[in-house]
Structure formats: structure tokens, C-alpha cells
Amino acid sequence: MKCSNEDKRKILDEAGSTFFSVDFVKKDGSIRRMTCKKWIESAFSHGSANAKPSPFAGKPEYYLAVDMAKGEFRAVNLSTLKACKVNGKSYNFEY
């Protein structure tokens, strides 16, 4: 399926506070599969005093989510998103 980055963002946003998975191409060309969540309180357990501004803020081609395996925020490049599974539905995108 061919989708714009905005459409991909809407699909990922449908997950709400539930888990979803993504497959995307990293900058080095390798494929990364990640189980993530858009928002999780434990990601902020260190408090806002230690918070750093995201270098991806304001860049619409990136989607920020918490990598559940590492418990850290990661940026997914929507332009290289190959597939995702949200609310039990699988989506495959042309890359």
C-alpha cells in the first residue's frame, strides 16, 4: 500500500496507549523491528530536570515512540517505514 507520511502517522496514532510494532529501514540500511508504545509513564521516571529537547521535534517525517525492549524513546523515519501492526491489523507499505 502506498501512503503518505501523514497517513502512516494516523495509522500509528490509532494505537493510542496500546503496544504496536513497526519494521523500518535504519540509516545504515538494516531492517529494524521494534515493539513500541507512543506514551509510557516509566519513560519519564527520571523527571523533567533531566529531559533534553528532542532533535526530531518539529520534523514531520519522524514518529517518536518508546522502544519497549530498551525503555527509551526512538524516532521512526516514516519515509522508510516498511510495515506495522496496530490494533491487530497489519499494514505493509511500499518503500
# chains A, B, ... in the order shown; residues from 1 in each chain; ligands from 1
call {"tool": "residues_around", "arguments": {"residues": "stretch 23-34 of chain A", "least_positions_apart": "5", "cutoff": "9 Å", "atoms": "only C-alpha atoms", "output": "NGL selection string"}}
result
:A and (67-69 or 76-84)
call {"tool": "select_by_dssp", "arguments": {"residues": "chain A", "states": "strand (DSSP E or B)", "output": "PyMOL selection string"}}
result
chain A and resi 20-25+31-37+62-67+72-77+81-86+89-92
call {"tool": "write_last_selection", "arguments": {"atoms": "N, CA and C atoms", "output": "CSV table (one decimal), in the first residue's frame"}}
result
chain,number,residue,atom,x,y,z
A,20,PHE,N,2.3,-1.4,19.7
A,20,PHE,CA,2.3,-1.7,18.3
A,20,PHE,C,3.7,-2.0,17.9
A,21,SER,N,3.8,-2.6,16.7
A,21,SER,CA,5.1,-2.9,16.2
A,21,SER,C,5.4,-2.3,14.8
A,22,VAL,N,6.6,-2.0,14.6
A,22,VAL,CA,7.0,-1.3,13.3
A,22,VAL,C,8.2,-2.0,12.7
A,23,ASP,N,8.3,-2.1,11.4
A,23,ASP,CA,9.5,-2.5,10.7
A,23,ASP,C,9.9,-1.4,9.8
A,24,PHE,N,11.2,-0.9,10.0
A,24,PHE,CA,11.6,0.2,9.2
A,24,PHE,C,13.1,0.0,8.8
A,25,VAL,N,13.6,0.8,7.9
A,25,VAL,CA,15.0,0.7,7.4
A,25,VAL,C,15.7,1.8,8.2
A,31,ILE,N,17.3,-3.6,8.5
A,31,ILE,CA,15.9,-3.5,8.9
A,31,ILE,C,15.8,-3.7,10.4
A,32,ARG,N,15.0,-2.8,11.0
A,32,ARG,CA,14.8,-2.9,12.4
A,32,ARG,C,13.3,-3.2,12.7
A,33,ARG,N,13.1,-4.1,13.6
A,33,ARG,CA,11.7,-4.4,14.1
A,33,ARG,C,11.7,-4.0,15.5
A,34,MET,N,10.6,-3.3,15.8
A,34,MET,CA,10.5,-2.7,17.2
A,34,MET,C,9.1,-2.8,17.7
A,35,THR,N,9.0,-3.2,18.9
A,35,THR,CA,7.7,-3.2,19.6
A,35,THR,C,7.7,-1.9,20.5
A,36,CYS,N,6.7,-1.1,20.3
A,36,CYS,CA,6.8,0.2,21.0
A,36,CYS,C,5.4,0.6,21.5
A,37,LYS,N,5.4,1.8,22.1
A,37,LYS,CA,4.2,2.4,22.6
A,37,LYS,C,4.4,3.9,22.5
A,62,TYR,N,9.4,12.1,11.1
A,62,TYR,CA,9.7,11.2,12.2
A,62,TYR,C,8.6,11.0,13.2
A,63,TYR,N,8.5,9.8,13.7
A,63,TYR,CA,7.5,9.5,14.7
A,63,TYR,C,8.2,9.0,16.0
A,64,LEU,N,7.9,9.7,17.1
A,64,LEU,CA,8.6,9.3,18.3
A,64,LEU,C,7.7,8.3,19.1
A,65,ALA,N,8.4,7.2,19.6
A,65,ALA,CA,7.7,6.2,20.4
A,65,ALA,C,8.8,5.6,21.3
A,66,VAL,N,8.3,4.9,22.3
A,66,VAL,CA,9.1,4.3,23.3
A,66,VAL,C,9.4,2.8,22.8
A,67,ASP,N,10.7,2.5,22.7
A,67,ASP,CA,11.1,1.2,22.4
A,67,ASP,C,11.0,0.3,23.7
A,72,GLU,N,13.4,3.3,26.1
A,72,GLU,CA,13.9,4.6,25.7
A,72,GLU,C,13.2,5.1,24.4
A,73,PHE,N,13.1,6.4,24.3
A,73,PHE,CA,12.4,6.9,23.1
A,73,PHE,C,13.3,6.7,21.8
A,74,ARG,N,12.6,6.4,20.7
A,74,ARG,CA,13.3,6.2,19.4
A,74,ARG,C,12.5,7.0,18.4
A,75,ALA,N,13.1,7.4,17.4
A,75,ALA,CA,12.5,8.1,16.3
A,75,ALA,C,12.4,7.1,15.1
A,76,VAL,N,11.2,7.0,14.6
A,76,VAL,CA,11.0,6.1,13.4
A,76,VAL,C,10.8,7.0,12.2
A,77,ASN,N,11.6,6.9,11.2
A,77,ASN,CA,11.5,7.7,10.0
A,77,ASN,C,10.3,7.1,9.2
A,81,LEU,N,9.4,3.5,6.7
A,81,LEU,CA,8.6,2.6,7.4
A,81,LEU,C,8.1,1.5,6.4
A,82,LYS,N,8.4,0.3,6.6
A,82,LYS,CA,8.0,-0.8,5.7
A,82,LYS,C,6.7,-1.5,6.1
A,83,ALA,N,6.5,-1.7,7.4
A,83,ALA,CA,5.3,-2.4,7.8
A,83,ALA,C,5.0,-2.0,9.3
A,84,CYS,N,3.8,-2.2,9.7
A,84,CYS,CA,3.4,-2.0,11.1
A,84,CYS,C,2.2,-2.9,11.4
A,85,LYS,N,2.1,-3.1,12.7
A,85,LYS,CA,0.9,-3.8,13.2
A,85,LYS,C,0.3,-3.0,14.3
A,86,VAL,N,-0.9,-2.6,14.1
A,86,VAL,CA,-1.6,-1.7,15.1
A,86,VAL,C,-3.0,-2.2,15.3
A,89,LYS,N,-4.2,-5.2,13.3
A,89,LYS,CA,-4.2,-5.0,11.8
A,89,LYS,C,-2.8,-4.9,11.3
A,90,SER,N,-2.4,-5.6,10.3
A,90,SER,CA,-1.1,-5.5,9.7
A,90,SER,C,-1.2,-4.6,8.5
A,91,TYR,N,-0.2,-3.7,8.3
A,91,TYR,CA,-0.1,-2.8,7.2
A,91,TYR,C,1.3,-3.0,6.6
A,92,ASN,N,1.3,-3.1,5.3
A,92,ASN,CA,2.6,-3.1,4.5
A,92,ASN,C,2.6,-1.9,3.6
call {"tool": "select_by_dssp", "arguments": {"residues": "chain A", "states": "alpha helix (DSSP H)", "output": "short mmCIF file (atom, residue, chain, number, x, y, z; two decimals) with N, CA and C atoms, in the first residue's frame"}}
result
data_model
loop_
_atom_site.label_atom_id
_atom_site.label_comp_id
_atom_site.auth_asym_id
_atom_site.auth_seq_id
_atom_site.Cartn_x
_atom_site.Cartn_y
_atom_site.Cartn_z
N ASN A 5 3.34 10.14 4.53
CA ASN A 5 3.80 10.12 5.92
C ASN A 5 2.69 10.50 6.89
N GLU A 6 1.80 11.39 6.48
CA GLU A 6 0.68 11.79 7.32
C GLU A 6 -0.27 10.62 7.56
N ASP A 7 -0.51 9.82 6.50
CA ASP A 7 -1.38 8.64 6.64
C ASP A 7 -0.74 7.61 7.56
N LYS A 8 0.57 7.42 7.42
CA LYS A 8 1.28 6.48 8.30
C LYS A 8 1.20 6.94 9.75
N ARG A 9 1.36 8.23 9.97
CA ARG A 9 1.27 8.78 11.33
C ARG A 9 -0.12 8.53 11.92
N LYS A 10 -1.17 8.73 11.11
CA LYS A 10 -2.54 8.49 11.59
C LYS A 10 -2.73 7.03 11.97
N ILE A 11 -2.17 6.11 11.18
CA ILE A 11 -2.28 4.68 11.49
C ILE A 11 -1.60 4.37 12.81
N LEU A 12 -0.40 4.89 13.01
CA LEU A 12 0.32 4.64 14.27
C LEU A 12 -0.37 5.29 15.45
N ASP A 13 -0.98 6.45 15.24
CA ASP A 13 -1.70 7.13 16.31
C ASP A 13 -2.93 6.35 16.76
#
